[in-house]
Every structure is written in structure tokens, then in C-alpha cells.
$ cat run00.json   # JSON, C-alpha atoms
[["chain", "number", "residue", "atom", "x", "y", "z"],
["A", 6, "MET", "CA", -98.65, -74.26, 49.83],
["A", 7, "ALA", "CA", -96.37, -77.05, 51.07],
["A", 8, "ALA", "CA", -93.93, -78.64, 48.65],
["A", 9, "ALA", "CA", -95.80, -81.98, 48.80],
["A", 10, "ASP", "CA", -99.07, -80.23, 47.94],
["A", 11, "THR", "CA", -97.41, -78.49, 45.00],
["A", 12, "VAL", "CA", -96.05, -81.77, 43.66],
["A", 13, "ASP", "CA", -99.46, -83.39, 44.12],
["A", 14, "ALA", "CA", -101.22, -80.55, 42.29],
["A", 15, "ASP", "CA", -98.71, -80.76, 39.45],
["A", 16, "ARG", "CA", -99.27, -84.51, 39.20],
["A", 17, "VAL", "CA", -103.04, -84.06, 39.03],
["A", 18, "ALA", "CA", -102.68, -81.36, 36.37],
["A", 19, "ALA", "CA", -100.38, -83.59, 34.33],
["A", 20, "THR", "CA", -102.81, -86.50, 34.59],
["A", 21, "ARG", "CA", -105.69, -84.35, 33.43],
["A", 22, "PHE", "CA", -103.60, -83.01, 30.57],
["A", 23, "LEU", "CA", -102.79, -86.54, 29.41],
["A", 24, "GLY", "CA", -106.46, -87.55, 29.58],
["A", 25, "ALA", "CA", -107.48, -84.53, 27.54],
["A", 26, "ALA", "CA", -104.68, -85.17, 25.04],
["A", 27, "ALA", "CA", -105.60, -88.84, 24.65],
["A", 28, "THR", "CA", -109.22, -88.12, 23.79],
["A", 29, "LEU", "CA", -108.53, -85.08, 21.62],
["A", 30, "LEU", "CA", -105.82, -86.85, 19.64],
["A", 31, "ALA", "CA", -107.96, -89.94, 19.01],
["A", 32, "LEU", "CA", -111.28, -88.24, 18.29],
["A", 33, "GLY", "CA", -109.61, -85.30, 16.56],
["A", 34, "GLY", "CA", -107.70, -87.68, 14.33],
["A", 35, "ILE", "CA", -110.92, -89.45, 13.41],
["A", 36, "ALA", "CA", -112.70, -86.16, 12.67],
["A", 37, "VAL", "CA", -109.89, -84.80, 10.50],
["A", 38, "ALA", "CA", -109.53, -88.14, 8.70],
["A", 39, "VAL", "CA", -113.24, -88.09, 7.85],
["A", 40, "LEU", "CA", -112.82, -84.60, 6.39],
["A", 41, "LEU", "CA", -109.84, -85.75, 4.36],
["A", 42, "ASP", "CA", -111.69, -88.73, 2.87],
["A", 43, "PRO", "CA", -114.68, -87.65, 0.78],
["A", 44, "THR", "CA", -115.47, -91.30, 0.01],
["A", 45, "PHE", "CA", -115.99, -92.23, 3.65],
["A", 46, "SER", "CA", -119.52, -93.41, 4.48],
["A", 47, "TRP", "CA", -120.92, -93.52, 8.00],
["A", 48, "THR", "CA", -123.42, -96.17, 6.94],
["A", 49, "SER", "CA", -121.24, -98.60, 4.97],
["A", 50, "ASP", "CA", -117.68, -98.12, 6.23],
["A", 51, "ALA", "CA", -115.84, -98.92, 9.42],
["A", 52, "LEU", "CA", -113.80, -96.19, 11.07],
["A", 53, "SER", "CA", -110.76, -98.34, 10.38],
["A", 54, "ASP", "CA", -111.28, -97.86, 6.65],
["A", 55, "LEU", "CA", -109.88, -94.39, 7.24],
["A", 56, "GLY", "CA", -106.62, -96.02, 8.25],
["A", 57, "VAL", "CA", -105.95, -97.60, 4.86],
["A", 58, "ARG", "CA", -106.81, -94.73, 2.53],
["A", 59, "GLY", "CA", -104.09, -92.46, 1.28],
["A", 60, "ARG", "CA", -105.05, -89.01, 2.58],
["A", 61, "SER", "CA", -106.75, -90.03, 5.79],
["A", 62, "ALA", "CA", -104.49, -92.90, 6.93],
["A", 63, "PRO", "CA", -101.62, -90.90, 8.50],
["A", 64, "VAL", "CA", -104.00, -88.71, 10.51],
["A", 65, "PHE", "CA", -106.28, -91.54, 11.63],
["A", 66, "ASN", "CA", -103.52, -93.97, 12.54],
["A", 67, "GLY", "CA", -101.27, -91.33, 14.05],
["A", 68, "GLY", "CA", -104.08, -89.93, 16.20],
["A", 69, "LEU", "CA", -104.86, -93.34, 17.64],
["A", 70, "VAL", "CA", -101.23, -94.22, 18.33],
["A", 71, "LEU", "CA", -100.46, -90.89, 20.01],
["A", 72, "GLY", "CA", -103.78, -90.94, 21.82],
["A", 73, "GLY", "CA", -103.03, -94.42, 23.10],
["A", 74, "VAL", "CA", -99.63, -93.37, 24.40],
["A", 75, "ALA", "CA", -101.15, -90.38, 26.20],
["A", 76, "GLY", "CA", -103.91, -92.64, 27.48],
["A", 77, "VAL", "CA", -101.40, -94.99, 29.10],
["A", 78, "GLY", "CA", -99.93, -92.00, 30.90],
["A", 79, "TYR", "CA", -103.40, -90.96, 32.02],
["A", 80, "ALA", "CA", -104.15, -94.43, 33.39],
["A", 81, "LEU", "CA", -100.90, -94.48, 35.34],
["A", 82, "GLY", "CA", -101.63, -90.99, 36.62],
["A", 83, "LEU", "CA", -104.96, -92.20, 37.97],
["A", 84, "TRP", "CA", -103.15, -94.99, 39.79],
["A", 85, "ARG", "CA", -100.74, -92.55, 41.40],
["A", 86, "SER", "CA", -103.65, -90.42, 42.65],
["A", 87, "SER", "CA", -105.63, -93.36, 44.05],
["A", 88, "ALA", "CA", -106.32, -93.37, 47.79],
["A", 89, "GLY", "CA", -104.33, -96.26, 49.22],
["A", 90, "ARG", "CA", -103.69, -97.64, 45.72],
["A", 91, "GLY", "CA", -105.73, -100.70, 46.57],
["A", 92, "ALA", "CA", -106.79, -103.70, 44.53],
["A", 93, "VAL", "CA", -109.64, -101.93, 42.74],
["A", 94, "ALA", "CA", -107.41, -99.08, 41.63],
["A", 95, "ALA", "CA", -104.82, -101.60, 40.45],
["A", 96, "VAL", "CA", -107.36, -103.56, 38.41],
["A", 97, "ARG", "CA", -108.81, -100.43, 36.85],
["A", 98, "THR", "CA", -105.35, -99.13, 35.99],
["A", 99, "ALA", "CA", -104.34, -102.44, 34.40],
["A", 100, "VAL", "CA", -107.53, -102.64, 32.35],
["A", 101, "LEU", "CA", -107.30, -99.03, 31.23],
["A", 102, "VAL", "CA", -103.63, -99.39, 30.29],
["A", 103, "LEU", "CA", -104.47, -102.44, 28.18],
["A", 104, "ALA", "CA", -107.37, -100.57, 26.56],
["A", 105, "MET", "CA", -105.07, -97.69, 25.62],
["A", 106, "VAL", "CA", -102.45, -100.09, 24.26],
["A", 107, "ALA", "CA", -105.21, -101.69, 22.19],
["A", 108, "MET", "CA", -106.30, -98.27, 20.92],
["A", 109, "ALA", "CA", -102.75, -97.53, 19.85],
["A", 110, "GLY", "CA", -102.69, -100.96, 18.23],
["A", 111, "VAL", "CA", -105.70, -100.09, 16.08],
["A", 112, "GLY", "CA", -103.63, -97.29, 14.58],
["A", 113, "GLY", "CA", -100.34, -99.15, 14.61],
["A", 114, "PHE", "CA", -101.78, -102.17, 12.78],
["A", 115, "ASP", "CA", -104.09, -101.02, 10.01],
["A", 116, "LEU", "CA", -107.04, -102.94, 8.61],
["A", 117, "THR", "CA", -104.76, -105.09, 6.45],
["A", 118, "GLU", "CA", -102.78, -106.40, 9.44],
["A", 119, "PRO", "CA", -103.76, -109.57, 11.38],
["A", 120, "LEU", "CA", -103.49, -107.80, 14.75],
["A", 121, "HIS", "CA", -105.90, -105.03, 13.80],
["A", 122, "GLY", "CA", -109.05, -106.99, 14.60],
["A", 123, "PRO", "CA", -107.90, -108.20, 18.03],
["A", 124, "ALA", "CA", -106.76, -104.67, 18.89],
["A", 125, "ALA", "CA", -110.12, -103.15, 17.94],
["A", 126, "ILE", "CA", -112.15, -105.79, 19.77],
["A", 127, "GLY", "CA", -109.82, -105.53, 22.74],
["A", 128, "PHE", "CA", -110.23, -101.76, 22.93],
["A", 129, "TYR", "CA", -114.03, -101.81, 23.02],
["A", 130, "ALA", "CA", -114.18, -104.76, 25.40],
["A", 131, "LEU", "CA", -111.58, -103.36, 27.77],
["A", 132, "VAL", "CA", -113.07, -99.87, 28.02],
["A", 133, "THR", "CA", -116.37, -101.52, 28.93],
["A", 134, "VAL", "CA", -114.63, -103.47, 31.69],
["A", 135, "ALA", "CA", -112.93, -100.27, 32.87],
["A", 136, "PHE", "CA", -116.33, -98.55, 33.13],
["A", 137, "ALA", "CA", -117.64, -101.50, 35.14],
["A", 138, "VAL", "CA", -114.72, -101.60, 37.57],
["A", 139, "ASP", "CA", -114.74, -97.85, 38.08],
["A", 140, "GLY", "CA", -118.52, -97.60, 38.29],
["A", 141, "LEU", "CA", -118.76, -100.35, 40.89],
["A", 142, "ALA", "CA", -115.99, -98.78, 42.96],
["A", 143, "ARG", "CA", -117.66, -95.36, 42.89],
["A", 144, "ARG", "CA", -121.31, -96.43, 42.77],
["A", 145, "GLY", "CA", -122.03, -94.25, 45.80],
["A", 146, "THR", "CA", -121.43, -91.15, 43.68],
["A", 147, "ALA", "CA", -123.47, -89.77, 40.79],
["A", 148, "THR", "CA", -120.52, -89.90, 38.38],
["A", 149, "GLY", "CA", -119.77, -93.47, 39.41],
["A", 150, "ARG", "CA", -123.33, -94.48, 38.62],
["A", 151, "VAL", "CA", -123.06, -92.83, 35.20],
["A", 152, "ALA", "CA", -119.85, -94.74, 34.52],
["A", 153, "LEU", "CA", -121.60, -97.95, 35.54],
["A", 154, "ALA", "CA", -124.55, -97.13, 33.27],
["A", 155, "PHE", "CA", -122.15, -96.89, 30.33],
["A", 156, "VAL", "CA", -121.68, -100.67, 30.57],
["A", 157, "PRO", "CA", -125.19, -101.83, 29.58],
["A", 158, "VAL", "CA", -125.46, -99.00, 27.07],
["A", 159, "HIS", "CA", -122.26, -100.05, 25.32],
["A", 160, "VAL", "CA", -123.23, -103.72, 25.41],
["A", 161, "ALA", "CA", -126.63, -102.82, 23.96],
["A", 162, "VAL", "CA", -125.00, -100.89, 21.12],
["A", 163, "TRP", "CA", -123.11, -103.93, 19.93],
["A", 164, "ALA", "CA", -125.87, -106.43, 20.71],
["A", 165, "THR", "CA", -128.43, -104.51, 18.67],
["A", 166, "PHE", "CA", -125.97, -104.05, 15.81],
["A", 167, "ALA", "CA", -125.15, -107.77, 15.81],
["A", 168, "ALA", "CA", -128.88, -108.51, 15.81],
["A", 169, "GLY", "CA", -129.30, -106.45, 12.64],
["A", 170, "TRP", "CA", -131.36, -103.70, 14.22],
["A", 171, "TRP", "CA", -129.19, -100.88, 12.89],
["A", 172, "PRO", "CA", -130.04, -99.58, 9.39],
["A", 173, "VAL", "CA", -126.35, -99.61, 8.44],
["A", 174, "SER", "CA", -123.96, -102.19, 7.04],
["A", 175, "GLY", "CA", -120.71, -100.64, 8.28],
["A", 176, "LEU", "CA", -119.19, -100.51, 11.74],
["A", 177, "ALA", "CA", -118.52, -96.77, 11.90],
["A", 178, "LEU", "CA", -121.70, -95.73, 13.72],
["A", 179, "PRO", "CA", -121.68, -98.58, 16.27],
["A", 180, "GLU", "CA", -118.00, -97.88, 16.93],
["A", 181, "LEU", "CA", -118.59, -94.23, 17.74],
["A", 182, "PRO", "CA", -120.59, -94.51, 21.03],
["A", 183, "GLY", "CA", -117.81, -96.37, 22.83],
["A", 184, "ALA", "CA", -115.25, -93.75, 21.84],
["A", 185, "LEU", "CA", -117.56, -90.93, 22.91],
["A", 186, "MET", "CA", -118.35, -92.60, 26.23],
["A", 187, "LEU", "CA", -114.64, -92.95, 26.95],
["A", 188, "ALA", "CA", -114.17, -89.25, 26.21],
["A", 189, "ALA", "CA", -117.13, -88.37, 28.46],
["A", 190, "TRP", "CA", -115.64, -90.52, 31.24],
["A", 191, "VAL", "CA", -112.26, -88.79, 30.96],
["A", 192, "TRP", "CA", -113.68, -85.28, 30.76],
["A", 193, "VAL", "CA", -116.72, -85.39, 33.07],
["A", 194, "PHE", "CA", -117.71, -88.69, 34.69],
["A", 195, "GLY", "CA", -114.42, -90.37, 35.59],
["A", 196, "PRO", "CA", -112.55, -90.39, 38.90],
["A", 197, "LEU", "CA", -110.33, -87.44, 37.96],
["A", 198, "PRO", "CA", -112.32, -85.56, 35.31],
["A", 199, "VAL", "CA", -110.65, -82.94, 33.16],
["A", 200, "LEU", "CA", -113.59, -80.61, 33.84],
["A", 201, "GLY", "CA", -114.05, -81.30, 37.52],
["A", 202, "PRO", "CA", -112.70, -80.79, 41.03],
["A", 203, "THR", "CA", -109.61, -82.58, 42.28],
["A", 204, "PHE", "CA", -110.51, -85.99, 43.68],
["A", 205, "ASP", "CA", -108.47, -89.12, 43.53],
["A", 206, "SER", "CA", -109.46, -92.14, 41.53],
["A", 207, "ILE", "CA", -111.36, -94.05, 44.22],
["A", 208, "GLY", "CA", -111.96, -91.69, 47.15],
["A", 209, "PRO", "CA", -110.56, -88.63, 48.88],
["A", 210, "ARG", "CA", -106.86, -88.44, 49.53],
["A", 211, "SER", "CA", -105.61, -89.27, 52.97],
["A", 212, "GLY", "CA", -106.37, -86.30, 55.19],
["A", 213, "ASP", "CA", -108.88, -84.83, 52.75],
["A", 214, "THR", "CA", -112.37, -84.80, 54.26],
["A", 215, "ARG", "CA", -114.15, -83.98, 51.01],
["A", 216, "THR", "CA", -116.19, -86.54, 49.17],
["A", 217, "ASP", "CA", -116.95, -86.87, 45.49],
["A", 218, "GLU", "CA", -120.46, -85.53, 45.15],
["A", 219, "HIS", "CA", -120.63, -85.73, 41.37]]
$ encode --input "run00.json" --output "C-alpha cells"
Amino acid sequence: MAAADTVDADRVAATRFLGAAATLLALGGIAVAVLLDPTFSWTSDALSDLGVRGRSAPVFNGGLVLGGVAGVGYALGLWRSSAGRGAVAAVRTAVLVLAMVAMAGVGGFDLTEPLHGPAAIGFYALVTVAFAVDGLARRGTATGRVALAFVPVHVAVWATFAAGWWPVSGLALPELPGALMLAAWVWVFGPLPVLGPTFDSIGPRSGDTRTDEH
């Protein structure tokens, strides 16, 4: 294997590692925080309530902050693997970086802080935009179409909750689908999935005749 190919393979592996770490830290922190807080209610609490309660707060907040940091690295790794690094890749990278900063902000500024709300809203809005940008760019592939389908699904989640159609009073359950869709995008349906073949973030690398058939 040529030295350039080795460096490229290492870069792809590092990007995948950061994507896996970002999702596992964030979702793992939420899961452990729920276990640590016996008073937590999926029907009447928000996930962010875990960030202001004694036993669960360090795990919840720390998981989001560390996951956000890893997520920024993942977003930049996608940019570096993008064919031609064109405008679409740049927009998606910028949006995803901002989404990961917002996710870290949810943990860095707990529910009692003025910036918590904007960070939480920003995270869910920005990941939806990231799905849209990526899905439109890769709409010729099956995984791209799944990413694009995440957009109306996520919008519907919040629209139906706002309309009062959910039999819950808390935000925890409506918040969960967006986080799970992001994890699914990173692991399976995104441009460089953790559990998938090596493709760049928009199309095949220069000189690579393969196409993303996912």
C-alpha cells in the first residue's frame, strides 16, 4: 500500500472513531444518567432535567460535552474526505460543526443557564438541516434518501408534539428521535458510516471508480 493510501486509510479510521465516540458518549451519558436518577420520568421530564440533578448531572452533561467535541472532529473528518471539498461539503461540515457545538452547549450550560435553551433548539434544528443538505447531495443513493427522509420525520415529531398529539407533558420522548436519527446517520446512513465501506462524504475519491450503492 502506498504511503498516501495508508495516510488516507488512517484518516478515515480516525473519522469513524470520532463519529462512534460522539454518539456513544452522548447517548451513553443519557442512558447512564437515566439509571442514576430514579425520579426521572420519560413522560413528564425533559432530558435536560438529568443535567441539574445531583447524581445524574455530571454524567449527562459530561457525555454531551465530550460527545460534542468528538462530533466536531467527526464533522471536520468528513470534510477532509470529501471529493473535491466543494460547496455542498463545506455547508454540511459547517452545519454539522455548529450542531455539535450546540450539543456540547446543552451539557456545558445546564437547564438553569440562559444559553441552554438556544443550544438545545440549535442542536435539533441544525441536525435536521445537516440531514437535508447531506440527503439532497446524496439523493441518488439509498442511504442519501434515508438521510433525506429523516427531515420530514424529525419535523413531524416536533410538530405533532407542539400540536398536543403526544400523551406526554415532558420533552424527553420527543427529544429522543432526533438523537437516535443522528446516531443512525453516523453509524449506518451517513456519507462515511461507522458500519460501512469506505466512501467519501459526497462521492468517490478521485481515481476511485466505485459508487456508493447504499
$ closest_residue --input "run00.json" --among "A:Leu103, A:Leu197, A:Val138, A:Val39" --to "Gly82 in chain A" --atoms "all atoms listed in the file"
A:Leu197
$ closest_residue --input "run00.json" --among "A:Val102, A:Ala137, A:Val37, A:Val162" --to "Leu181 in chain A" --atoms "all atoms listed in the file"
A:Val162
$ closest_residue --input "run00.json" --among "A:Ala168, A:Leu55, A:Ala75, A:Val93" --to "Ile35 in chain A" --atoms "only C-alpha atoms"
A:Leu55
$ closest_residue --input "run00.json" --among "A:Ala38, A:Met105, A:Ala164, A:Ala154" --to "Gly67 in chain A" --atoms "all atoms listed in the file"
A:Ala38
$ closest_residue --input "run00.json" --among "A:Ala80, A:Ala31, A:Ala142, A:Val64" --to "Val17 in chain A" --atoms "only C-alpha atoms"
A:Ala80
$ residues_around --input "run00.json" --residues "Val57 in chain A" --least-positions-apart "4" --cutoff "7 Å" --atoms "all atoms listed in the file" --output "mmCIF file with C-alpha atoms, in the frame of the given file"
data_model
loop_
_atom_site.group_PDB
_atom_site.id
_atom_site.type_symbol
_atom_site.label_atom_id
_atom_site.label_comp_id
_atom_site.auth_asym_id
_atom_site.auth_seq_id
_atom_site.Cartn_x
_atom_site.Cartn_y
_atom_site.Cartn_z
ATOM 1 C CA ALA A 62 -104.490 -92.900 6.930
ATOM 2 C CA ASP A 115 -104.090 -101.020 10.010
ATOM 3 C CA LEU A 116 -107.040 -102.940 8.610
#
$ axis_aligned_box --input "run00.json" --around "range 59-71 of chain A" --padding-each-side "4 Å" --output "AutoDock Vina command-line options"
--center_x -103.6 --center_y -91.5 --center_z 10.6 --size_x 14.3 --size_y 13.5 --size_z 26.7
$ build_atoms --input "run00.json" --residues "range 151-177 of chain A" --atoms "N, CA and C atoms" --output "CSV table (one decimal), in the frame of the given file"
chain,number,residue,atom,x,y,z
A,151,VAL,N,-123.1,-93.1,36.6
A,151,VAL,CA,-123.1,-92.8,35.2
A,151,VAL,C,-122.1,-93.7,34.5
A,152,ALA,N,-120.9,-93.8,35.1
A,152,ALA,CA,-119.8,-94.7,34.5
A,152,ALA,C,-120.4,-96.2,34.5
A,153,LEU,N,-121.1,-96.6,35.5
A,153,LEU,CA,-121.6,-98.0,35.5
A,153,LEU,C,-122.7,-98.1,34.5
A,154,ALA,N,-123.5,-97.1,34.3
A,154,ALA,CA,-124.6,-97.1,33.3
A,154,ALA,C,-124.0,-97.2,31.9
A,155,PHE,N,-122.8,-96.8,31.7
A,155,PHE,CA,-122.2,-96.9,30.3
A,155,PHE,C,-122.0,-98.4,29.9
A,156,VAL,N,-121.9,-99.2,30.9
A,156,VAL,CA,-121.7,-100.7,30.6
A,156,VAL,C,-122.8,-101.3,29.8
A,157,PRO,N,-124.1,-101.3,30.4
A,157,PRO,CA,-125.2,-101.8,29.6
A,157,PRO,C,-125.5,-101.1,28.3
A,158,VAL,N,-125.2,-99.8,28.3
A,158,VAL,CA,-125.5,-99.0,27.1
A,158,VAL,C,-124.5,-99.5,26.0
A,159,HIS,N,-123.2,-99.6,26.3
A,159,HIS,CA,-122.3,-100.0,25.3
A,159,HIS,C,-122.5,-101.5,24.9
A,160,VAL,N,-122.9,-102.3,25.8
A,160,VAL,CA,-123.2,-103.7,25.4
A,160,VAL,C,-124.4,-103.7,24.5
A,161,ALA,N,-125.4,-102.9,24.8
A,161,ALA,CA,-126.6,-102.8,24.0
A,161,ALA,C,-126.3,-102.3,22.6
A,162,VAL,N,-125.4,-101.4,22.4
A,162,VAL,CA,-125.0,-100.9,21.1
A,162,VAL,C,-124.6,-102.0,20.2
A,163,TRP,N,-123.6,-102.9,20.8
A,163,TRP,CA,-123.1,-103.9,19.9
A,163,TRP,C,-124.1,-105.1,19.8
A,164,ALA,N,-124.9,-105.3,20.8
A,164,ALA,CA,-125.9,-106.4,20.7
A,164,ALA,C,-126.9,-106.1,19.7
A,165,THR,N,-127.4,-104.9,19.6
A,165,THR,CA,-128.4,-104.5,18.7
A,165,THR,C,-127.9,-104.5,17.3
A,166,PHE,N,-126.6,-104.0,17.1
A,166,PHE,CA,-126.0,-104.0,15.8
A,166,PHE,C,-125.8,-105.5,15.3
A,167,ALA,N,-125.3,-106.4,16.2
A,167,ALA,CA,-125.2,-107.8,15.8
A,167,ALA,C,-126.5,-108.4,15.5
A,168,ALA,N,-127.6,-108.0,16.1
A,168,ALA,CA,-128.9,-108.5,15.8
A,168,ALA,C,-129.5,-108.0,14.5
A,169,GLY,N,-128.8,-107.0,13.9
A,169,GLY,CA,-129.3,-106.4,12.6
A,169,GLY,C,-130.3,-105.3,12.8
A,170,TRP,N,-130.4,-104.7,14.0
A,170,TRP,CA,-131.4,-103.7,14.2
A,170,TRP,C,-130.9,-102.3,13.7
A,171,TRP,N,-129.7,-102.2,13.4
A,171,TRP,CA,-129.2,-100.9,12.9
A,171,TRP,C,-129.4,-100.8,11.4
A,172,PRO,N,-129.8,-99.7,10.8
A,172,PRO,CA,-130.0,-99.6,9.4
A,172,PRO,C,-128.8,-99.2,8.7
A,173,VAL,N,-127.7,-99.9,9.1
A,173,VAL,CA,-126.4,-99.6,8.4
A,173,VAL,C,-125.7,-101.0,8.2
A,174,SER,N,-124.7,-101.0,7.3
A,174,SER,CA,-124.0,-102.2,7.0
A,174,SER,C,-122.5,-102.1,7.6
A,175,GLY,N,-122.1,-100.9,7.8
A,175,GLY,CA,-120.7,-100.6,8.3
A,175,GLY,C,-120.6,-100.5,9.8
A,176,LEU,N,-119.4,-100.5,10.3
A,176,LEU,CA,-119.2,-100.5,11.7
A,176,LEU,C,-119.0,-99.1,12.3
A,177,ALA,N,-118.9,-98.1,11.4
A,177,ALA,CA,-118.5,-96.8,11.9
A,177,ALA,C,-119.5,-96.2,13.0
